[in-house]
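Here is the file data-v7.tsv (TSV, C-alpha atoms and all ligand atoms).
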```tsv
chain	number	residue	atom	x	y	z
M	582	MET	CA	49.24	83.91	-54.40
M	583	ILE	CA	52.97	83.64	-55.06
M	584	GLY	CA	54.07	81.82	-58.22
M	585	ILE	CA	57.31	79.86	-57.93
M	586	LEU	CA	58.97	79.01	-61.23
M	587	ALA	CA	59.26	75.22	-61.09
M	588	VAL	CA	60.61	74.11	-64.45
M	589	GLN	CA	63.94	73.13	-62.87
M	590	GLY	CA	65.96	73.71	-59.69
M	591	ALA	CA	65.32	74.44	-56.02
M	592	PHE	CA	61.62	75.34	-56.06
M	593	GLU	CA	60.40	73.01	-53.26
M	594	GLU	CA	62.74	74.68	-50.77
M	595	HIS	CA	61.31	78.13	-51.55
M	596	LYS	CA	57.77	76.76	-51.28
M	597	ASN	CA	58.47	75.20	-47.88
M	598	MET	CA	60.02	78.38	-46.56
M	599	LEU	CA	57.26	80.66	-47.84
M	600	GLU	CA	54.52	78.37	-46.50
M	601	LYS	CA	56.28	78.23	-43.15
M	602	ILE	CA	55.90	82.01	-42.87
M	603	GLY	CA	52.27	81.95	-43.97
M	604	ALA	CA	52.29	82.60	-47.74
M	605	ARG	CA	50.19	80.75	-50.30
M	606	CYS	CA	52.18	79.46	-53.27
M	607	VAL	CA	51.62	77.82	-56.61
M	608	LEU	CA	54.33	75.95	-58.50
M	609	LEU	CA	54.61	77.15	-62.10
M	610	ARG	CA	55.58	74.10	-64.15
M	611	LYS	CA	53.78	75.05	-67.34
M	612	LEU	CA	51.94	77.97	-68.92
M	613	SER	CA	48.49	76.96	-67.64
M	614	ASP	CA	49.79	76.99	-64.04
M	615	ILE	CA	50.30	80.77	-64.18
M	616	PRO	CA	47.23	82.45	-62.66
M	617	PRO	CA	45.99	85.70	-64.25
M	618	GLU	CA	46.81	87.58	-61.03
M	619	LEU	CA	50.00	86.99	-59.08
M	620	ASP	CA	51.10	88.75	-55.89
M	621	GLY	CA	54.71	87.68	-56.26
M	622	ILE	CA	57.08	85.60	-58.37
M	623	VAL	CA	60.05	83.52	-57.21
M	624	LEU	CA	62.83	82.63	-59.66
M	625	VAL	CA	64.81	79.79	-58.14
M	626	GLY	CA	68.37	78.52	-58.15
M	627	GLY	CA	69.38	75.76	-60.51
M	628	GLU	CA	70.76	75.95	-64.01
M	629	SER	CA	69.90	79.20	-65.72
M	630	THR	CA	70.55	78.00	-69.27
M	631	VAL	CA	68.15	75.07	-68.80
M	632	GLN	CA	65.57	77.29	-67.11
M	633	ARG	CA	65.76	79.90	-69.87
M	634	LYS	CA	65.31	77.25	-72.55
M	635	LEU	CA	62.33	75.67	-70.77
M	636	ILE	CA	60.64	79.02	-70.05
M	637	LYS	CA	60.71	79.73	-73.78
M	638	GLU	CA	59.85	76.21	-74.96
M	639	LEU	CA	56.92	75.97	-72.57
M	640	GLY	CA	55.59	79.32	-73.79
M	641	MET	CA	55.88	80.91	-70.33
M	642	PHE	CA	58.23	83.74	-71.25
M	643	ASP	CA	55.76	86.43	-72.39
M	644	VAL	CA	53.36	86.03	-69.48
M	645	LEU	CA	56.12	86.02	-66.86
M	646	LYS	CA	57.85	89.00	-68.48
M	647	LYS	CA	54.56	90.91	-68.49
M	648	HIS	CA	54.04	90.24	-64.78
M	649	ILE	CA	57.62	91.28	-63.95
M	650	ASP	CA	57.46	94.45	-66.06
M	651	SER	CA	54.09	95.38	-64.57
M	652	GLY	CA	55.65	95.57	-61.08
M	653	VAL	CA	54.80	92.24	-59.47
M	654	PRO	CA	57.41	91.73	-56.71
M	655	VAL	CA	60.11	89.22	-57.68
M	656	LEU	CA	62.48	87.28	-55.43
M	657	ALA	CA	65.33	85.78	-57.45
M	658	THR	CA	68.10	83.52	-56.19
M	659	CYS	CA	71.25	82.46	-58.01
M	660	ALA	CA	70.12	81.15	-61.44
M	661	GLY	CA	67.07	83.41	-60.94
M	662	LEU	CA	69.36	86.43	-60.67
M	663	ILE	CA	70.92	85.41	-64.01
M	664	LEU	CA	67.44	85.21	-65.58
M	665	LEU	CA	66.69	88.78	-64.51
M	666	ALA	CA	70.02	90.40	-65.46
M	667	ASP	CA	70.08	92.61	-68.52
M	668	GLU	CA	73.65	91.59	-69.32
M	669	ILE	CA	75.66	88.39	-68.83
M	670	SER	CA	79.45	88.44	-69.09
M	671	GLY	CA	80.72	86.70	-72.19
M	672	ASN	CA	77.75	87.85	-74.23
M	673	GLU	CA	75.53	84.98	-73.21
M	674	ASP	CA	71.84	85.27	-74.01
M	675	THR	CA	69.78	87.02	-71.40
M	676	CYS	CA	66.25	86.08	-70.37
M	677	PHE	CA	63.96	88.71	-68.79
M	678	GLY	CA	66.55	91.50	-68.84
M	679	SER	CA	64.59	93.49	-66.27
M	680	LEU	CA	67.43	94.05	-63.77
M	681	PRO	CA	70.08	96.60	-64.84
M	682	VAL	CA	73.17	94.66	-63.79
M	683	ARG	CA	75.89	92.64	-65.49
M	684	VAL	CA	76.35	89.19	-63.94
M	685	ARG	CA	79.12	86.68	-64.34
M	686	ARG	CA	78.06	83.04	-64.17
M	687	ASN	CA	79.96	80.42	-62.14
M	688	ALA	CA	82.02	83.35	-61.08
M	689	TYR	CA	83.92	81.91	-58.14
M	690	GLY	CA	85.65	79.16	-60.10
M	691	ARG	CA	85.97	75.50	-59.24
M	692	GLN	CA	87.76	75.71	-55.94
M	693	LEU	CA	85.14	77.94	-54.43
M	694	GLY	CA	82.24	76.14	-56.09
M	695	SER	CA	80.33	76.01	-52.86
M	696	PHE	CA	80.82	78.01	-49.67
M	697	THR	CA	79.02	79.85	-46.91
M	698	ALA	CA	79.63	83.38	-45.67
M	699	ILE	CA	77.87	85.52	-43.09
M	700	GLY	CA	76.99	89.07	-44.01
M	701	ASP	CA	74.47	91.89	-43.81
M	702	ILE	CA	71.85	92.05	-46.53
M	703	GLY	CA	70.73	95.65	-46.36
M	704	ASP	CA	69.15	96.03	-42.91
M	705	ILE	CA	69.17	92.29	-42.26
M	706	LYS	CA	72.20	91.59	-40.10
M	707	ASN	CA	74.37	88.44	-40.01
M	708	PHE	CA	72.60	86.50	-42.71
M	709	PRO	CA	73.98	83.06	-43.64
M	710	MET	CA	74.79	83.20	-47.36
M	711	ARG	CA	75.11	79.83	-49.08
M	712	PHE	CA	76.79	80.06	-52.47
M	713	ILE	CA	76.59	77.15	-54.91
M	714	ARG	CA	78.39	77.61	-58.25
M	715	ALA	CA	77.18	81.13	-57.82
M	716	PRO	CA	77.22	84.13	-60.10
M	717	TYR	CA	78.12	87.56	-58.84
M	718	ILE	CA	77.18	91.00	-60.03
M	719	GLU	CA	80.11	92.62	-61.80
M	720	SER	CA	78.48	95.99	-62.14
M	721	VAL	CA	75.31	97.97	-62.05
M	722	THR	CA	74.38	99.41	-65.44
M	723	SER	CA	75.96	102.82	-65.50
M	724	GLY	CA	73.79	105.78	-64.72
M	725	ASN	CA	71.24	103.67	-62.90
M	726	ASN	CA	70.80	105.11	-59.44
M	727	ASP	CA	67.76	103.04	-58.53
M	728	VAL	CA	69.70	99.85	-57.84
M	729	ASP	CA	70.25	99.35	-54.10
M	730	ILE	CA	73.33	97.29	-53.39
M	731	LEU	CA	72.38	95.10	-50.42
M	732	ASN	CA	75.57	93.09	-49.96
M	733	VAL	CA	79.17	93.11	-51.05
M	734	THR	CA	81.30	90.11	-50.07
M	735	ASP	CA	85.01	90.04	-50.88
M	736	GLY	CA	84.57	93.05	-53.11
M	737	LYS	CA	81.78	91.44	-55.12
M	738	ILE	CA	78.14	92.50	-55.23
M	739	THR	CA	75.98	89.54	-54.26
M	740	ALA	CA	72.54	91.05	-53.58
M	741	VAL	CA	70.58	93.98	-54.98
M	742	ARG	CA	67.12	95.46	-54.94
M	743	TYR	CA	65.71	97.34	-57.91
M	744	LYS	CA	62.12	98.55	-57.95
M	745	ASN	CA	60.00	95.39	-57.61
M	746	GLN	CA	62.94	92.98	-57.79
M	747	ILE	CA	65.18	91.60	-55.07
M	748	ALA	CA	67.93	89.34	-56.35
M	749	MET	CA	70.82	87.51	-54.76
M	750	ALA	CA	73.65	85.24	-55.82
M	751	PHE	CA	73.20	82.92	-52.82
M	752	HIS	CA	70.49	80.59	-51.53
M	753	PRO	CA	68.44	81.79	-48.53
M	754	GLU	CA	65.98	78.94	-49.13
M	755	LEU	CA	68.68	76.41	-48.21
M	756	THR	CA	69.11	77.85	-44.72
M	757	ASN	CA	66.74	78.09	-41.77
M	758	ASP	CA	66.78	81.88	-41.89
M	759	THR	CA	63.45	83.19	-43.17
M	760	ARG	CA	64.25	86.92	-42.97
M	761	LEU	CA	64.77	87.51	-46.70
M	762	HIS	CA	61.55	85.67	-47.52
M	763	GLU	CA	59.77	87.78	-44.89
M	764	GLU	CA	61.22	90.89	-46.52
M	765	PHE	CA	59.79	89.65	-49.83
M	766	LEU	CA	56.33	89.25	-48.21
M	767	GLN	CA	56.64	92.85	-47.01
M	768	MET	CA	57.45	93.99	-50.55
M	769	ILE	CA	54.26	92.21	-51.63
M	770	SER	CA	52.10	93.83	-48.97
M	771	ARG	CA	53.53	97.28	-49.73
M	772	ASN	CA	52.87	96.69	-53.43
M	773	ASN	CA	49.26	95.69	-52.81
M	774	ARG	CA	48.70	98.78	-50.71
M	775	ILE	CA	49.82	101.00	-53.57
M	776	LEU	CA	47.68	99.22	-56.18
P	801	LIG	N1	75.73	78.14	-62.06
P	801	LIG	C1	74.31	78.21	-62.24
P	801	LIG	C2	73.94	78.93	-63.52
P	801	LIG	O1	74.76	79.52	-64.14
P	801	LIG	C3	73.64	78.87	-61.06
P	801	LIG	C4	73.89	78.05	-59.83
P	801	LIG	C5	72.77	78.05	-58.85
P	801	LIG	O2	71.63	78.51	-59.13
P	801	LIG	N2	73.04	77.46	-57.71
P	801	LIG	O3	72.81	78.90	-63.90
```

Would you encode the structure as structure tokens?
Amino acid sequence: MIGILAVQGAFEEHKNMLEKIGARCVLLRKLSDIPPELDGIVLVGGESTVQRKLIKELGMFDVLKKHIDSGVPVLATCAGLILLADEISGNEDTCFGSLPVRVRRNAYGRQLGSFTAIGDIGDIKNFPMRFIRAPYIESVTSGNNDVDILNVTDGKITAVRYKNQIAMAFHPELTNDTRLHEEFLQMISRNNRIL
């Protein structure tokens, strides 16, 4: 069962895409929605400051953090990437801090608020990347060699994988391309094989 954080943002789109490729999902709107066992967690796009506030106010932070730190595979998009980052430019408060990168919010400025680019995401070729008031990754925390950089667009890191976490600045759930969600399901099945 994959838990999709559903306190705010684009959770329905992730649910539709994951169900289309055969996964079972539960929307996590409140603490009691979080099952004791989760195979995967999706952190969705939206507004990271609102999401962070709600995760804490609804008492969901500790349980989610425990799942993430225990190695449950995580797919994070856009605001979700910001929730995972261990540093946010401008000294903004972080949330889970489990991903050793520094992100900059709303990093493309007003003119480029929303745009699409095509690029390779690791081994996945020609992926349509939809950016919406997106962050980008300014840097990987120094000395950390376990972060795989999956995409650089215009000199900016937009997608990484680190241990159980795959995070991107763009929105695969708003396209018809299911390959990144399929990759996430593969991370889950590899994880279950190890456990
Ligand atoms: N700008 C948003 C934030 O900082 C992220 C945008 C998105 O998720 N599409 O939270």

Distance table requested - chain M against ligand LIG 801 (chain P), cut-off 12 Å, all atoms listed in the file: one row per qualifying residue with the closest atom pair and its distance in Å to one decimal, ordered by chain and rising residue number, as CSV.
```
residue,atom,partner,partner_atom,distance
M:Gln589,CA,P:LIG801,O2,10.1
M:Gly590,CA,P:LIG801,O2,7.5
M:Ala591,CA,P:LIG801,O2,8.1
M:Phe592,CA,P:LIG801,O2,10.9
M:Leu624,CA,P:LIG801,O2,9.7
M:Val625,CA,P:LIG801,O2,7.0
M:Gly626,CA,P:LIG801,O2,3.4
M:Gly627,CA,P:LIG801,O2,3.8
M:Glu628,CA,P:LIG801,O3,3.6
M:Ser629,CA,P:LIG801,O3,3.4
M:Thr630,CA,P:LIG801,O3,5.9
M:Val631,CA,P:LIG801,O3,7.8
M:Gln632,CA,P:LIG801,O3,8.1
M:Arg633,CA,P:LIG801,O3,9.3
M:Lys634,CA,P:LIG801,O3,11.6
M:Ala657,CA,P:LIG801,O2,9.8
M:Thr658,CA,P:LIG801,O2,6.8
M:Cys659,CA,P:LIG801,O2,4.1
M:Ala660,CA,P:LIG801,O2,3.8
M:Gly661,CA,P:LIG801,O2,6.9
M:Leu662,CA,P:LIG801,O2,8.4
M:Ile663,CA,P:LIG801,O3,6.8
M:Leu664,CA,P:LIG801,O3,8.5
M:Leu665,CA,P:LIG801,O3,11.6
M:Ala666,CA,P:LIG801,O3,11.9
M:Ile669,CA,P:LIG801,O1,10.1
M:Ser670,CA,P:LIG801,O1,11.2
M:Glu673,CA,P:LIG801,O1,10.6
M:Asp674,CA,P:LIG801,O1,11.8
M:Thr675,CA,P:LIG801,O3,11.5
M:Cys676,CA,P:LIG801,O3,11.7
M:Val684,CA,P:LIG801,O1,9.8
M:Arg685,CA,P:LIG801,O1,8.4
M:Arg686,CA,P:LIG801,O1,4.8
M:Asn687,CA,P:LIG801,N1,4.8
M:Ala688,CA,P:LIG801,N1,8.2
M:Tyr689,CA,P:LIG801,N1,9.8
M:Gly690,CA,P:LIG801,N1,10.2
M:Arg691,CA,P:LIG801,N1,10.9
M:Gly694,CA,P:LIG801,N1,9.1
M:Ser695,CA,P:LIG801,N2,8.9
M:Phe696,CA,P:LIG801,N2,11.2
M:Met710,CA,P:LIG801,N2,12.0
M:Arg711,CA,P:LIG801,N2,9.2
M:Phe712,CA,P:LIG801,N2,6.9
M:Ile713,CA,P:LIG801,N2,4.5
M:Arg714,CA,P:LIG801,N1,4.7
M:Ala715,CA,P:LIG801,C4,4.9
M:Pro716,CA,P:LIG801,C3,6.4
M:Tyr717,CA,P:LIG801,C3,10.0
M:Ala748,CA,P:LIG801,O2,11.8
M:Met749,CA,P:LIG801,O2,10.0
M:Ala750,CA,P:LIG801,O2,7.8
M:Phe751,CA,P:LIG801,N2,7.3
M:His752,CA,P:LIG801,N2,7.4
M:Pro753,CA,P:LIG801,N2,11.1
M:Glu754,CA,P:LIG801,N2,11.2
M:Leu755,CA,P:LIG801,N2,10.5
```

Could you write out the selected residues, including C-alpha atoms, as an mmCIF file, in the coordinates of the input?
```cif
data_model
loop_
_atom_site.group_PDB
_atom_site.id
_atom_site.type_symbol
_atom_site.label_atom_id
_atom_site.label_comp_id
_atom_site.auth_asym_id
_atom_site.auth_seq_id
_atom_site.Cartn_x
_atom_site.Cartn_y
_atom_site.Cartn_z
ATOM 1 C CA GLN M 589 63.940 73.130 -62.870
ATOM 2 C CA GLY M 590 65.960 73.710 -59.690
ATOM 3 C CA ALA M 591 65.320 74.440 -56.020
ATOM 4 C CA PHE M 592 61.620 75.340 -56.060
ATOM 5 C CA LEU M 624 62.830 82.630 -59.660
ATOM 6 C CA VAL M 625 64.810 79.790 -58.140
ATOM 7 C CA GLY M 626 68.370 78.520 -58.150
ATOM 8 C CA GLY M 627 69.380 75.760 -60.510
ATOM 9 C CA GLU M 628 70.760 75.950 -64.010
ATOM 10 C CA SER M 629 69.900 79.200 -65.720
ATOM 11 C CA THR M 630 70.550 78.000 -69.270
ATOM 12 C CA VAL M 631 68.150 75.070 -68.800
ATOM 13 C CA GLN M 632 65.570 77.290 -67.110
ATOM 14 C CA ARG M 633 65.760 79.900 -69.870
ATOM 15 C CA LYS M 634 65.310 77.250 -72.550
ATOM 16 C CA ALA M 657 65.330 85.780 -57.450
ATOM 17 C CA THR M 658 68.100 83.520 -56.190
ATOM 18 C CA CYS M 659 71.250 82.460 -58.010
ATOM 19 C CA ALA M 660 70.120 81.150 -61.440
ATOM 20 C CA GLY M 661 67.070 83.410 -60.940
ATOM 21 C CA LEU M 662 69.360 86.430 -60.670
ATOM 22 C CA ILE M 663 70.920 85.410 -64.010
ATOM 23 C CA LEU M 664 67.440 85.210 -65.580
ATOM 24 C CA LEU M 665 66.690 88.780 -64.510
ATOM 25 C CA ALA M 666 70.020 90.400 -65.460
ATOM 26 C CA ILE M 669 75.660 88.390 -68.830
ATOM 27 C CA SER M 670 79.450 88.440 -69.090
ATOM 28 C CA GLU M 673 75.530 84.980 -73.210
ATOM 29 C CA ASP M 674 71.840 85.270 -74.010
ATOM 30 C CA THR M 675 69.780 87.020 -71.400
ATOM 31 C CA CYS M 676 66.250 86.080 -70.370
ATOM 32 C CA VAL M 684 76.350 89.190 -63.940
ATOM 33 C CA ARG M 685 79.120 86.680 -64.340
ATOM 34 C CA ARG M 686 78.060 83.040 -64.170
ATOM 35 C CA ASN M 687 79.960 80.420 -62.140
ATOM 36 C CA ALA M 688 82.020 83.350 -61.080
ATOM 37 C CA TYR M 689 83.920 81.910 -58.140
ATOM 38 C CA GLY M 690 85.650 79.160 -60.100
ATOM 39 C CA ARG M 691 85.970 75.500 -59.240
ATOM 40 C CA GLY M 694 82.240 76.140 -56.090
ATOM 41 C CA SER M 695 80.330 76.010 -52.860
ATOM 42 C CA PHE M 696 80.820 78.010 -49.670
ATOM 43 C CA MET M 710 74.790 83.200 -47.360
ATOM 44 C CA ARG M 711 75.110 79.830 -49.080
ATOM 45 C CA PHE M 712 76.790 80.060 -52.470
ATOM 46 C CA ILE M 713 76.590 77.150 -54.910
ATOM 47 C CA ARG M 714 78.390 77.610 -58.250
ATOM 48 C CA ALA M 715 77.180 81.130 -57.820
ATOM 49 C CA PRO M 716 77.220 84.130 -60.100
ATOM 50 C CA TYR M 717 78.120 87.560 -58.840
ATOM 51 C CA ALA M 748 67.930 89.340 -56.350
ATOM 52 C CA MET M 749 70.820 87.510 -54.760
ATOM 53 C CA ALA M 750 73.650 85.240 -55.820
ATOM 54 C CA PHE M 751 73.200 82.920 -52.820
ATOM 55 C CA HIS M 752 70.490 80.590 -51.530
ATOM 56 C CA PRO M 753 68.440 81.790 -48.530
ATOM 57 C CA GLU M 754 65.980 78.940 -49.130
ATOM 58 C CA LEU M 755 68.680 76.410 -48.210
#
```

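Of the residues under consideration (M:Pro616, M:Gly603, M:Gly671, M:Gly640), M:Gly640 shows the shortest atom-to-atom contact distance to Val588 (chain M) when counting only C-alpha atoms.
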
Shell of 12 Å around region 707-709 of chain M, all atoms listed in the file, local chain residues under 6 positions omitted, as a VMD selection string: chain M and resid 696 to 701 731 to 732 734 740 751 to 761

Would you please work out which residue, of M:Gly703, M:Gly621, M:Gly736, M:Pro654, is nearest to Ile585 (chain M) when using all atoms listed in the file? M:Gly621

Would you pick out the contacts of Asp650 (chain M) at 12 Å or less, using only C-alpha atoms, so that residues sharing its chain but fewer than 3 positions from it are not included, and give the list as a ChimeraX atom specification? /M:622,642-647,653-655,665,677-680,743-746

Which one of M:Val623, M:Ala604, M:Val682, M:Leu586 sits closest to Asn725 (chain M) if you count all atoms listed in the file? M:Val682

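CA of Glu638 (chain M) lies 18.6 Å from CA of Gly584 (chain M).
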
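The spacing separating CA of Glu600 (chain M) from CA of Val741 (chain M) amounts to 23.9 Å.
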
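Here the question is which of M:Glu668, M:Glu763, M:Met582, M:Lys706 gets nearest to Cys606 (chain M) using only C-alpha atoms, and that residue is M:Met582.
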
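The shortest atom-to-atom distance to Ser651 (chain M), with all atoms listed in the file taken into account, belongs to M:Leu619 out of M:Leu599, M:Val607, M:Leu619, M:Ile702.
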
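Atom pair CA of Val733 (chain M) / CA of Pro681 (chain M) has a distance of 16.9 Å (rounded to one decimal).
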